Amino acid sequence: MKDTAIIVVDMLYDFIDGSMACLGADDAVANTLAFLKSHRDIPVIFVRDNHPANHSSFKEFGGIWPPHCVQGTHGAAIHKDLAPFADDEGLIFYKGENPAVEQYSGFEGRNEAGQGMGEVLRLMEIDNVLVCGIATEYCVRNTAEDLLKDGFKVTILMDCLAWVDADGHKKALAEMENEGIRLI
Ligand code: VGL
Ligand code: ZN
């Protein structure tokens, strides 16, 4: 399936069992792993929230979140079960690195070479993207919407999501579906 890629958003320890542990995270990781194992022909793209220690999204610096995904810490690392699939730095997009800017969208991330996600997907001739990850209402939603706006066909893998709030998760899914994002 050359024209399809999967985008795994923020499956990082702080969102799984750390400072911002999200609801459903263990199931989301297990289901994502099962999906990746059974679809070895699909390229896997990872998004990593990767904040400096003084990031403005942290409460202490005027934001709304506890400190999380600080660069170089365990909390910022990809879950060990998924990490073997993250073997190509060109397909890992880092976001939230500028202390002054909140970035929920993985689409705004950059790989190690400084390329954006849209640019890389086009070079790979991808036009369908499967999106999963954490958190549904924030980074998954913003990533999926930016991909849709940029012209990609976007499908959310519902069994591979985790969320901050159950009602927020359901509302975000309904709104994404209305916008033209497919839910499977
Ligand atoms: C996220 C809040 C702050 C997310 C990241 O990955 O959804 N949420 N930083
Ligand atoms: Zn963050």
# chains A, B, ... in the order shown; residues from 1 in each chain; ligands from 1
$ select_by_dssp --residues "region 88-160 of chain A" --states "strand (DSSP E or B)" --output "number ranges by chain"
A: 92-95, 110, 116, 128-134, 153-160
$ residues_around --residues "region 50-62 of chain A" --least-positions-apart "5" --cutoff "6 Å" --atoms "only C-alpha atoms" --output "list in words"
Pro67, Cys69, Val70, Gln71, Lys95, Gly96, Glu97, Pro99 and Ala100 of chain A
$ residues_around --residues "Cys160 (chain A)" --least-positions-apart "2" --cutoff "8 Å" --atoms "only C-alpha atoms" --output "ChimeraX atom specification"
/A:27-29,31-32,132-133,157-158,162
$ atom_distance --atom1 "CA of Thr4 (chain A)" --atom2 "CA of Met124 (chain A)"
9.4 Å
$ residues_around --residues "His169 (chain A)" --least-positions-apart "6" --cutoff "9 Å" --atoms "only C-alpha atoms" --output "list in words"
Ala135, Thr136, Glu137, Ala162 and Trp163 of chain A
$ decode --residues "region 45-56 of chain A" --atoms "N, CA and C atoms" --output "PDB file, in the first residue's frame"
ATOM      1  N   ILE A  45       4.958   6.828  10.432  1.00  0.00           N
ATOM      2  CA  ILE A  45       5.454   8.162  10.769  1.00  0.00           C
ATOM      3  C   ILE A  45       5.139   8.416  12.235  1.00  0.00           C
ATOM      4  N   PHE A  46       6.109   8.931  12.963  1.00  0.00           N
ATOM      5  CA  PHE A  46       5.889   9.240  14.377  1.00  0.00           C
ATOM      6  C   PHE A  46       5.915  10.748  14.600  1.00  0.00           C
ATOM      7  N   VAL A  47       5.067  11.192  15.539  1.00  0.00           N
ATOM      8  CA  VAL A  47       5.095  12.576  16.005  1.00  0.00           C
ATOM      9  C   VAL A  47       5.560  12.547  17.458  1.00  0.00           C
ATOM     10  N   ARG A  48       6.459  13.463  17.788  1.00  0.00           N
ATOM     11  CA  ARG A  48       6.946  13.548  19.173  1.00  0.00           C
ATOM     12  C   ARG A  48       6.837  14.964  19.710  1.00  0.00           C
ATOM     13  N   ASP A  49       6.012  15.128  20.761  1.00  0.00           N
ATOM     14  CA  ASP A  49       5.990  16.360  21.542  1.00  0.00           C
ATOM     15  C   ASP A  49       7.363  16.398  22.226  1.00  0.00           C
ATOM     16  N   ASN A  50       8.060  17.511  22.127  1.00  0.00           N
ATOM     17  CA  ASN A  50       9.466  17.519  22.556  1.00  0.00           C
ATOM     18  C   ASN A  50       9.839  18.903  23.084  1.00  0.00           C
ATOM     19  N   HIS A  51       9.408  19.149  24.342  1.00  0.00           N
ATOM     20  CA  HIS A  51       9.486  20.510  24.883  1.00  0.00           C
ATOM     21  C   HIS A  51      10.802  20.811  25.606  1.00  0.00           C
ATOM     22  N   PRO A  52      11.256  22.072  25.498  1.00  0.00           N
ATOM     23  CA  PRO A  52      12.308  22.521  26.424  1.00  0.00           C
ATOM     24  C   PRO A  52      11.706  22.619  27.827  1.00  0.00           C
ATOM     25  N   ALA A  53      12.546  22.603  28.866  1.00  0.00           N
ATOM     26  CA  ALA A  53      12.063  22.548  30.258  1.00  0.00           C
ATOM     27  C   ALA A  53      11.270  23.794  30.655  1.00  0.00           C
ATOM     28  N   ASN A  54      11.407  24.894  29.910  1.00  0.00           N
ATOM     29  CA  ASN A  54      10.701  26.142  30.246  1.00  0.00           C
ATOM     30  C   ASN A  54       9.567  26.425  29.260  1.00  0.00           C
ATOM     31  N   HIS A  55       8.926  25.387  28.747  1.00  0.00           N
ATOM     32  CA  HIS A  55       7.930  25.625  27.687  1.00  0.00           C
ATOM     33  C   HIS A  55       6.687  26.348  28.212  1.00  0.00           C
ATOM     34  N   SER A  56       6.167  27.251  27.388  1.00  0.00           N
ATOM     35  CA  SER A  56       5.036  28.095  27.787  1.00  0.00           C
ATOM     36  C   SER A  56       3.720  27.328  27.927  1.00  0.00           C
TER      37      SER A  56
END
